[in-house]
file protein_20.cif (mmCIF, C-alpha atoms)
data_entry
#
loop_
_atom_site.label_atom_id
_atom_site.label_comp_id
_atom_site.auth_asym_id
_atom_site.auth_seq_id
_atom_site.Cartn_x
_atom_site.Cartn_y
_atom_site.Cartn_z
CA MET A 1 -139.01 17.75 135.74
CA SER A 2 -137.31 16.89 132.52
CA SER A 3 -137.85 13.16 132.10
CA ALA A 4 -140.58 10.92 130.78
CA CYS A 5 -142.54 8.92 133.29
CA LEU A 6 -142.55 5.16 133.65
CA ARG A 7 -145.39 3.86 135.76
CA ARG A 8 -145.92 0.25 136.80
CA GLN A 9 -148.70 -2.19 137.48
CA ALA A 10 -147.38 -2.19 141.04
CA PRO A 11 -146.10 1.38 141.38
CA SER A 12 -142.68 2.14 142.76
CA PHE A 13 -141.50 5.35 144.39
CA ASN A 14 -141.67 7.18 141.05
CA THR A 15 -145.43 7.78 141.09
CA TRP A 16 -145.88 10.03 144.11
CA ASP A 17 -147.21 12.93 142.05
CA ALA A 18 -148.59 13.01 138.52
CA ALA A 19 -146.79 16.32 138.00
CA VAL A 20 -143.45 14.71 138.76
CA THR A 21 -142.20 12.72 135.78
CA VAL A 22 -139.25 10.42 136.24
CA LEU A 23 -137.93 7.27 134.62
CA ALA A 24 -137.73 3.90 136.30
CA LEU A 25 -137.03 0.33 135.32
CA ALA A 26 -139.82 -2.20 135.00
CA LEU A 27 -140.69 -4.08 138.17
CA VAL A 28 -141.34 -7.80 137.95
CA VAL A 29 -143.97 -8.88 140.44
CA GLY A 30 -144.55 -12.49 141.38
CA THR A 31 -148.24 -13.31 141.76
CA PRO A 32 -149.49 -16.79 142.64
CA THR A 33 -152.27 -18.09 140.44
CA ALA A 34 -154.39 -18.73 143.54
CA SER A 35 -156.94 -16.07 144.53
CA ALA A 36 -155.95 -13.29 146.90
CA GLN A 37 -156.70 -13.84 150.56
CA GLU A 38 -159.51 -11.96 152.29
CA PRO A 39 -158.69 -8.28 152.94
CA ILE A 40 -157.10 -7.48 156.28
CA LYS A 41 -159.03 -4.60 157.82
CA GLY A 42 -158.78 -1.92 160.47
CA GLU A 43 -156.65 -2.57 163.53
CA GLU A 44 -155.41 -5.90 162.17
CA ALA A 45 -154.25 -4.18 158.99
CA LEU A 46 -152.42 -1.56 161.04
CA LYS A 47 -150.56 -4.31 162.92
CA HIS A 48 -149.38 -6.00 159.72
CA PRO A 49 -145.58 -5.69 159.22
CA ALA A 50 -146.03 -4.20 155.74
CA VAL A 51 -148.30 -1.43 157.04
CA GLN A 52 -145.99 -0.77 159.98
CA LEU A 53 -143.29 -0.18 157.37
CA ALA A 54 -145.49 2.47 155.74
CA VAL A 55 -146.13 4.13 159.11
CA LYS A 56 -142.38 4.27 159.71
CA ALA A 57 -141.91 5.87 156.29
CA ALA A 58 -144.45 8.59 157.16
CA GLU A 59 -142.64 9.22 160.46
CA LEU A 60 -139.29 9.58 158.67
CA VAL A 61 -140.73 12.09 156.21
CA LYS A 62 -142.27 14.15 159.02
CA ALA A 63 -138.89 14.12 160.81
CA GLY A 64 -137.22 15.54 157.70
CA LYS A 65 -135.43 12.27 156.91
CA VAL A 66 -137.05 11.68 153.53
CA GLU A 67 -134.02 9.98 151.94
CA GLU A 68 -134.02 7.37 154.70
CA VAL A 69 -137.40 6.18 153.44
CA PHE A 70 -135.66 4.45 150.55
CA ALA A 71 -133.86 2.11 152.94
CA LEU A 72 -137.33 0.63 153.57
CA GLY A 73 -137.83 -0.04 149.87
CA THR A 74 -136.74 -2.68 147.40
CA LYS A 75 -133.29 -2.78 145.86
CA ALA A 76 -134.86 -1.69 142.56
CA GLY A 77 -136.39 1.37 144.21
CA GLN A 78 -133.08 2.32 145.79
CA SER A 79 -131.36 2.00 142.41
CA GLU A 80 -133.97 4.28 140.83
CA LEU A 81 -133.18 7.09 143.24
CA LYS A 82 -129.46 6.82 142.52
CA SER A 83 -130.09 6.97 138.76
CA LEU A 84 -131.93 10.31 138.86
CA SER A 85 -130.27 13.54 137.81
CA ALA A 86 -129.71 16.12 140.56
CA ALA A 87 -132.67 18.23 139.39
CA ASP A 88 -135.01 15.24 139.11
CA ARG A 89 -133.90 13.95 142.50
CA LYS A 90 -134.63 17.30 144.15
CA ASP A 91 -138.12 17.54 142.63
CA PHE A 92 -138.82 13.89 143.36
CA LEU A 93 -137.98 14.16 147.06
CA ALA A 94 -140.06 17.34 147.32
CA SER A 95 -143.03 15.48 145.83
CA ILE A 96 -142.67 12.75 148.46
CA VAL A 97 -142.86 15.33 151.23
CA LYS A 98 -145.93 16.88 149.58
CA LYS A 99 -147.82 13.60 149.20
CA THR A 100 -146.94 11.78 152.44
CA PRO A 101 -149.69 11.92 155.11
CA ASP A 102 -149.15 12.84 158.74
CA PRO A 103 -148.19 9.56 160.48
CA LYS A 104 -150.87 9.82 163.19
CA ALA A 105 -153.61 10.72 160.70
CA PHE A 106 -152.42 7.87 158.50
CA SER A 107 -152.58 5.36 161.36
CA ASP A 108 -156.05 6.57 162.32
CA ALA A 109 -157.25 6.24 158.71
CA VAL A 110 -156.03 2.63 158.53
CA ARG A 111 -157.54 1.81 161.91
CA ASN A 112 -160.92 3.33 161.01
CA GLY A 113 -161.38 1.96 157.50
CA GLY A 114 -158.18 0.71 155.95
CA GLU A 115 -157.92 -2.48 153.91
CA LEU A 116 -154.76 -4.40 153.12
CA ASN A 117 -155.07 -6.76 150.15
CA VAL A 118 -152.30 -9.35 149.91
CA PHE A 119 -151.60 -11.06 146.58
CA GLY A 120 -148.89 -13.58 147.33
CA ASN A 121 -145.67 -11.56 147.33
CA THR A 122 -147.30 -8.16 146.78
CA ALA A 123 -149.81 -6.12 148.75
CA ILE A 124 -151.82 -2.90 148.43
CA LEU A 125 -153.10 -0.74 151.27
CA ASN A 126 -156.10 1.55 150.76
CA ALA A 127 -157.41 3.79 153.55
CA PRO A 128 -160.11 6.46 153.01
CA VAL A 129 -159.52 10.03 154.19
CA ALA A 130 -161.65 13.18 153.94
CA ASN A 131 -160.39 14.34 150.54
CA GLY A 132 -159.56 11.00 148.95
CA ARG A 133 -157.55 8.01 150.14
CA VAL A 134 -154.11 6.99 151.31
CA MET A 135 -152.38 4.30 149.24
CA ALA A 136 -149.27 2.22 149.84
CA TYR A 137 -147.77 -0.62 147.83
CA PHE A 138 -145.53 -3.42 149.03
CA GLU A 139 -143.45 -6.31 147.73
CA ARG A 140 -141.94 -9.23 149.61
CA GLU A 141 -138.19 -9.32 149.02
CA GLY A 142 -136.78 -12.52 150.44
CA SER A 143 -138.64 -13.07 153.71
CA ALA A 144 -139.27 -9.38 154.45
CA TRP A 145 -141.90 -6.93 153.25
CA ARG A 146 -140.51 -3.88 151.47
CA LEU A 147 -142.18 -0.62 150.48
CA THR A 148 -142.48 0.02 146.73
CA ASN A 149 -144.61 3.18 146.89
CA GLY A 150 -146.27 5.39 149.46
CA PRO A 151 -147.82 6.03 151.80
CA MET A 152 -149.28 8.81 149.67
CA VAL A 153 -152.48 10.80 149.68
CA VAL A 154 -154.43 10.39 146.44
CA VAL A 155 -156.89 13.27 146.15
CA ASP A 156 -160.24 12.54 144.53
CA GLU A 157 -160.57 14.79 141.50
CA PRO A 158 -163.66 15.34 139.35
CA ALA A 159 -163.68 13.35 136.15
CA PRO A 160 -163.15 15.35 132.96
CA VAL A 161 -166.31 16.45 131.19
CA ASN A 162 -165.04 15.00 127.92
CA GLU A 163 -162.50 12.21 127.69
CA THR A 164 -161.30 10.83 124.37
CA ARG A 165 -159.22 7.69 123.94
CA VAL A 166 -157.10 6.88 120.91
CA GLU A 167 -155.41 3.48 120.81
CA ASN A 168 -152.57 1.68 119.06
CA ALA A 169 -151.98 2.44 115.35
CA GLU A 170 -154.53 5.30 115.33
CA ILE A 171 -152.20 7.23 117.65
CA LEU A 172 -149.71 7.54 114.79
CA THR A 173 -152.19 9.67 112.79
CA HIS A 174 -153.07 11.97 115.70
CA PRO A 175 -151.18 15.30 116.10
CA ILE A 176 -149.98 14.18 119.54
CA GLY A 177 -148.57 10.99 118.04
CA THR A 178 -146.66 13.04 115.48
CA LEU A 179 -145.36 15.33 118.23
CA ALA A 180 -144.30 12.38 120.40
CA LEU A 181 -142.31 10.78 117.58
CA GLN A 182 -140.60 14.10 116.83
CA TYR A 183 -139.67 14.36 120.51
CA LEU A 184 -138.21 10.84 120.54
CA ASP A 185 -136.17 11.57 117.40
CA LEU A 186 -134.63 14.69 118.93
CA VAL A 187 -133.86 13.01 122.26
CA HIS A 188 -132.10 10.06 120.64
CA ALA A 189 -130.21 12.44 118.34
CA GLY A 190 -128.89 14.20 121.45
CA LYS A 191 -130.74 17.43 120.59
CA ILE A 192 -132.39 17.92 123.97
CA ASP A 193 -132.59 21.73 123.66
CA ASP A 194 -134.52 21.34 120.41
CA ALA A 195 -136.73 18.71 122.05
CA LYS A 196 -137.63 21.17 124.81
CA LYS A 197 -138.73 23.71 122.20
CA LEU A 198 -141.70 21.38 121.60
CA ALA A 199 -142.84 21.95 125.21
CA THR A 200 -145.06 24.55 126.88
CA SER A 201 -143.60 27.92 127.82
CA GLY A 202 -143.53 26.94 131.49
CA VAL A 203 -141.55 23.77 130.81
CA GLN A 204 -139.13 25.68 128.59
CA ALA A 205 -138.53 28.30 131.28
CA LYS A 206 -137.77 25.63 133.85
CA TRP A 207 -135.42 23.85 131.44
CA LYS A 208 -133.45 27.04 130.75
CA ALA A 209 -132.97 27.53 134.49
CA GLU A 210 -131.25 24.14 134.88
CA SER A 211 -127.47 23.90 134.92
CA ALA A 212 -125.46 22.35 132.08
CA LYS A 213 -124.71 19.36 134.32
CA GLU A 214 -128.40 18.81 135.08
CA ARG A 215 -129.29 19.03 131.40
CA ALA A 216 -126.63 16.49 130.47
CA GLU A 217 -127.84 14.09 133.17
CA SER A 218 -131.44 14.42 131.99
CA LEU A 219 -130.49 13.76 128.38
CA ALA A 220 -128.49 10.65 129.29
CA TYR A 221 -131.40 9.44 131.39
CA LEU A 222 -133.93 9.92 128.59
CA LYS A 223 -131.76 8.35 125.89
CA LYS A 224 -131.26 5.29 128.05
CA ASN A 225 -134.92 4.74 128.87
CA LEU A 226 -137.16 6.23 126.19
CA PRO A 227 -138.10 4.03 123.21
CA THR A 228 -137.08 5.05 119.71
CA ARG A 229 -139.40 6.12 116.90
CA ALA A 230 -138.84 2.73 115.23
CA ASP A 231 -139.79 0.81 118.39
CA VAL A 232 -142.94 2.85 118.97
CA THR A 233 -144.08 2.82 115.35
CA ALA A 234 -143.58 -0.92 114.93
CA GLY A 235 -145.09 -1.71 118.33
CA LEU A 236 -148.24 0.36 117.81
CA LYS A 237 -148.82 -1.12 114.36
CA ASP A 238 -148.28 -4.65 115.65
CA GLY A 239 -150.37 -4.19 118.80
CA LYS A 240 -148.76 -7.19 120.49
CA THR A 241 -145.36 -6.12 121.78
CA LEU A 242 -146.61 -2.65 122.69
CA ARG A 243 -150.04 -1.24 123.53
CA GLY A 244 -150.66 2.47 123.17
CA VAL A 245 -153.43 4.44 124.86
CA LEU A 246 -153.72 8.20 124.34
CA ILE A 247 -156.12 9.81 126.84
CA ILE A 248 -157.28 13.35 126.04
CA GLU A 249 -159.15 15.29 128.74
CA ASP A 250 -161.41 18.21 127.80
CA ASP A 251 -159.18 18.89 124.77
CA LYS A 252 -156.77 20.63 127.17
CA ALA A 253 -154.46 17.95 128.55
CA ALA A 254 -153.42 14.51 127.37
CA THR A 255 -151.28 11.53 128.36
CA LEU A 256 -149.73 9.07 125.95
CA ASN A 257 -149.29 5.68 127.64
CA LEU A 258 -146.99 3.15 126.00
CA ILE A 259 -147.50 -0.17 127.78
CA ARG A 260 -145.29 -3.24 127.59
CA SER A 261 -146.47 -6.36 129.43
CA GLU A 262 -145.06 -9.81 129.93
CA GLN A 263 -146.46 -12.82 131.74
CA ARG A 264 -144.52 -16.02 132.33
CA GLN A 265 -144.72 -19.04 134.58
CA THR A 266 -141.67 -19.26 136.83
CA ALA A 267 -142.72 -22.35 138.77
CA PRO A 268 -145.69 -24.72 138.97
CA GLY A 269 -148.65 -22.73 140.24
CA ASN A 270 -146.80 -19.40 140.15
CA THR A 271 -146.94 -16.73 137.44
CA THR A 272 -144.73 -13.66 137.17
CA TYR A 273 -146.23 -10.54 135.62
CA SER A 274 -144.20 -7.59 134.39
CA SER A 275 -145.71 -4.35 133.14
CA THR A 276 -143.94 -1.10 132.29
CA THR A 277 -145.75 2.03 131.15
CA THR A 278 -144.04 5.03 129.64
CA ALA A 279 -146.39 7.98 130.17
CA ILE A 280 -145.70 11.24 128.32
CA GLY A 281 -147.77 14.31 129.18
CA PHE A 282 -149.07 16.98 126.79
CA ALA A 283 -151.00 20.24 127.14
CA LYS A 284 -152.65 22.66 124.74
CA GLU A 285 -151.10 26.10 124.57
CA GLY A 286 -152.18 28.71 122.06
CA GLY A 287 -154.38 26.16 120.32
CA GLN A 288 -151.44 23.80 119.70
CA TRP A 289 -150.45 20.59 121.47
CA LYS A 290 -147.17 20.88 123.37
CA LEU A 291 -145.12 18.61 125.59
CA ALA A 292 -145.99 19.14 129.25
CA GLN A 293 -142.65 17.85 130.57
#
call {"tool": "encode", "arguments": {"input": "protein_20.cif", "output": "structure tokens"}}
result
Amino acid sequence: MSSACLRRQAPSFNTWDAAVTVLALALVVGTPTASAQEPIKGEEALKHPAVQLAVKAAELVKAGKVEEVFALGTKAGQSELKSLSAADRKDFLASIVKKTPDPKAFSDAVRNGGELNVFGNTAILNAPVANGRVMAYFEREGSAWRLTNGPMVVVDEPAPVNETRVENAEILTHPIGTLALQYLDLVHAGKIDDAKKLATSGVQAKWKAESAKERAESLAYLKKNLPTRADVTAGLKDGKTLRGVLIIEDDKAATLNLIRSEQRQTAPGNTTYSSTTTAIGFAKEGGQWKLAQ
């Protein structure tokens, strides 16, 4: 995949697989200031209209009708799919098929130990399975529940032996920070082929295999959604408009998260929270940090 990844506080369809990196617009989620209601569990959770929507999505994927899943989602999610390049769209849909659980196994998991937590106009479903858990995210659009992500199997993975975090202005002095800024410069200068030369050999090989049309679509997509060097530099130094967190795992892989958040009161007793995270992956190859996307 040739794009940077935007992940949300309430994920949309773009976060099915960490290896799939796509761009998406920020999602604004309305959350009442009152506490969340008690979790809805087991059979009662399975009967909830939001969860039934997730079951239907799993059934569509199993039937080979993966694109029809997006009709169950929000308008924002449907727009995201349309904005993807042909190559990104193909990889994205393949990742959905890979991550979606069998509908019967999914229903059984919810019935046997699932919990649906409702937070006003949003909800999160969590159901344990043998190798991890199944997650699904929902948003109320008008009077109806809509699917914003999932259902997807999240596999439990062992934590890295060594994890290092670098935050805000300190990122600018780290080699990955320097590499990220160079990447942003090249993208916004329209030099996408040069930008891909900063990536691992595997990413470069995949990029060379894409058609001219796919490359042009990816470049337009990145230029529209990635921040500029000036935005990132000023934001990380300020620490208010932008928060940066660089997570390095075992000195082999790393993710640079650029987080923008906004909270505002839209009505008495109701607060709207918006959070958009641009996540850029890196990997070490030949002792040097490279882009992993």
call {"tool": "closest_residue", "arguments": {"input": "protein_20.cif", "among": "A:Pro101, A:Gly120, A:Gly202, A:Gly287", "to": "Leu60 in chain A", "atoms": "only C-alpha atoms"}}
result
A:Pro101
call {"tool": "resolve_selection", "arguments": {"input": "protein_20.cif", "expression": "the PyMOL selection byres ((chain A and resi 251) around 10)", "output": "list of chain:residue names"}}
result
A:Pro160, A:Val161, A:Asn162, A:Glu163, A:Thr164, A:Ile247, A:Ile248, A:Glu249, A:Asp250, A:Lys252, A:Ala253, A:Ala254, A:Ala283, A:Lys284, A:Gly287, A:Trp289
call {"tool": "residues_around", "arguments": {"input": "protein_20.cif", "residues": "Ala63 in chain A", "least_positions_apart": "4", "cutoff": "12 Å", "atoms": "only C-alpha atoms", "output": "list in words"}}
result
Lys56, Ala57, Ala58, Glu59, Glu67, Glu68, Val69, Val97, Thr100, Asp102 and Pro103 of chain A
call {"tool": "atom_distance", "arguments": {"input": "protein_20.cif", "atom1": "CA of Val55 in chain A", "atom2": "CA of Lys75 in chain A"}}
result
19.7 Å
call {"tool": "closest_residue", "arguments": {"input": "protein_20.cif", "among": "A:His174, A:Ala209, A:Leu258, A:Leu219", "to": "Asp194 in chain A", "atoms": "only C-alpha atoms"}}
result
A:Leu219
call {"tool": "atom_distance", "arguments": {"input": "protein_20.cif", "atom1": "CA of Thr278 in chain A", "atom2": "CA of Val155 in chain A"}}
result
22.5 Å
call {"tool": "residues_around", "arguments": {"input": "protein_20.cif", "residues": "Asn257 in chain A", "least_positions_apart": "2", "cutoff": "7 Å", "atoms": "all atoms listed in the file", "output": "NGL selection string"}}
result
:A and (244-246 or 255 or 259 or 277-280)
call {"tool": "resolve_selection", "arguments": {"input": "protein_20.cif", "expression": "the PyMOL selection byres ((chain A and resi 115) around 10)", "output": "JSON, numbers by chain"}}
result
{"A": [38, 39, 40, 41, 42, 43, 44, 45, 46, 109, 110, 111, 112, 113, 114, 116, 117, 118, 124, 125, 126, 127, 128, 135]}
call {"tool": "closest_residue", "arguments": {"input": "protein_20.cif", "among": "A:Ser85, A:Gln78, A:Thr173, A:Gln293", "to": "Glu217 in chain A", "atoms": "only C-alpha atoms"}}
result
A:Ser85
call {"tool": "residues_around", "arguments": {"input": "protein_20.cif", "residues": "Arg146 in chain A", "least_positions_apart": "3", "cutoff": "10 Å", "atoms": "all atoms listed in the file", "output": "PyMOL selection string"}}
result
chain A and resi 49-51+53-54+70-75+77+122-123+137-143+149
